[in-house]
Amino acid sequence: MKDTKAIPYKIYLEEKELPTTWYNVRADMKNKPAPLLNPGTLQPMKAEELAGVFCDELVKQELDNDTRYYPIPQEIVDFYKMYRPSPLVRAYCLEKKLGTPAKIYYKFEGNNTSGSHKLNSAIAQAYYAKQQGLKGVTTETGAGQWGTALSMACSYFGLDCKVYMVKVSYEQKPFRREVMRTYGASVVPSPSNTTNVGRAILEQFPGTTGSLGCAISEAVEVAVSNPGYRYVLGSVLNQVLLHQSVIGVETKIAMDKYGIVPDIIIGCAGGGSNLGGLIAPFMGEKLRGEKDYRFIAVEPASCPSFTRGKFAYDFCDTGKVCPMAKMYTLGSGFIPAPNHAGGLRYHGMSSILSQLYHDGYMEARSVEQTSVFKAAEEFARVEGILPAPESAHAIRAAIDEALKCKETGEEKTILFGLTGTGYFDMVAYEKFHDGLMSDYIPSDEELQKGFDGLPKVD
Ligand SMILES: *Cc1c(COP(=O)(O)O)cnc(C)c1O
């Protein structure tokens, strides 16, 4: 197709063109994602049960498989304007360096202080908590991006924010911790002795450096046992994918404006929120049979939920206090090797993306750490932006697809999500430069141990 208008190097939408609604892809799915189950009764969670843990409006969004478009509340639109639209960039320099006939575009979500797309959902969740008249929220954070985004959002609305940070990150990433404290959050290393579940884990495994699943259990306990508090989560949940659809809707408006049609859409996948958000409106077209696109989820070989996991009901946290979700999972007991892409170390995956993958609407691949950092560096040197290790998984796959086009001569249009910047990940870059980075791939036996801990649900 011939381009109708001269396409700018970077596409920034005008204010009047910005999305006014989030898009709920579940409305167009024939096979809906499986419901969350109560771990005690194995019955689908009811709104009343979820309301003790999550804000009321977010419970509604979580359970709503039918409403196609949600108007974005004006207060959230106003906040989005501080850092959105995010640019849609044509990677001319990368294309030239690769010598590929492919056109490569990326949507860059790192242009805010938290440094990633997570702020898109953090501000929405803080807004609904404020609307409900709550005092504050609790959450967990691993690498620290989600905690940072949430502390920014909470300070904007004057909410208290308690962050349980996986102990190893708390110690290794003091700067992330200080950003959160700058925005007024209290940050507790997990496991801690401030909760029953934390004390139990410390007693059983003294000296443990913690895990995401354990920090979730602590944050939930604090939320349900303190009046005026609720728990919020930065990925995996349906509501988070709904908020993150702002990425995809914005991308689609920009691409439509200039007559650009992507052939392949690529994103890294931790819990699935940026990928689910980016692909949402394009997936909607595919589900409705209007257009076809290839979607590729990219995950670390050390934590391969899609490519080697099981599609099953599982616990979302170590303490097994959260509802169970049906998803591609490695088992809630699986502890991934210390990969440097902290945001991709979760054992499970969004139920929405899991169902879409199961039904053949998208592909997945896993990539090894050193090849990811090679791609990160190649990208940084020609495109300027220093990517987060998580984002570099998508860069790896985009480069590989562009190199395939070089072999075949196909002029495909590739779009990928550049979720964030890597300034707080320089220890990982240092390991890579010093040749100290390993490519750990779990054996089938190790994965089996995780699967053995899956709950029996039929
Ligand atoms: C958290 C994070 C991810 C992974 O989370 P998803 O929910 O899968 O999007 C990817 N990139 C960055 C920069 C992150 O902070």
# chains A, B, ... in the order shown; residues from 1 in each chain; ligands from 1
>>> residues_around(residues="Pro455 in chain A", least_positions_apart="4", cutoff="10 Å", atoms="only C-alpha atoms", output="list in words")
Pro39, Ala312, Tyr313, Asp314, Phe315, Met324, Gly331, Ser332 and Phe451 of chain A
>>> select_by_dssp(residues="range 23-257 of chain A", states="alpha helix (DSSP H)", output="NGL selection string")
:A and (47-50 or 56-63 or 74-83 or 92-98 or 119-131 or 145-157 or 167-172 or 174-182 or 196-204 or 212-225 or 238-257)
>>> atom_distance(atom1="CA of Val163 in chain A", atom2="CA of Val188 in chain A")
6.2 Å
>>> residues_near_ligand(ligand="ligand 1", cutoff="9 Å", atoms="only C-alpha atoms and all ligand atoms", output="PyMOL selection string")
chain A and resi 109-110+114-118+142-146+234-236+240-241+244+267-277+299+341-346+349-350+387-393+417-422
>>> closest_residue(among="A:Arg308, A:Lys162, A:Lys320, A:Arg396", to="Ile266 in chain A", atoms="only C-alpha atoms")
A:Arg396
>>> select_by_dssp(residues="range 72-315 of chain A", states="strand (DSSP E or B)", output="VMD selection string")
chain A and resid 88 to 90 103 to 108 116 136 to 141 160 to 166 186 to 190 229 to 231 264 to 268 294 to 300 310 to 315
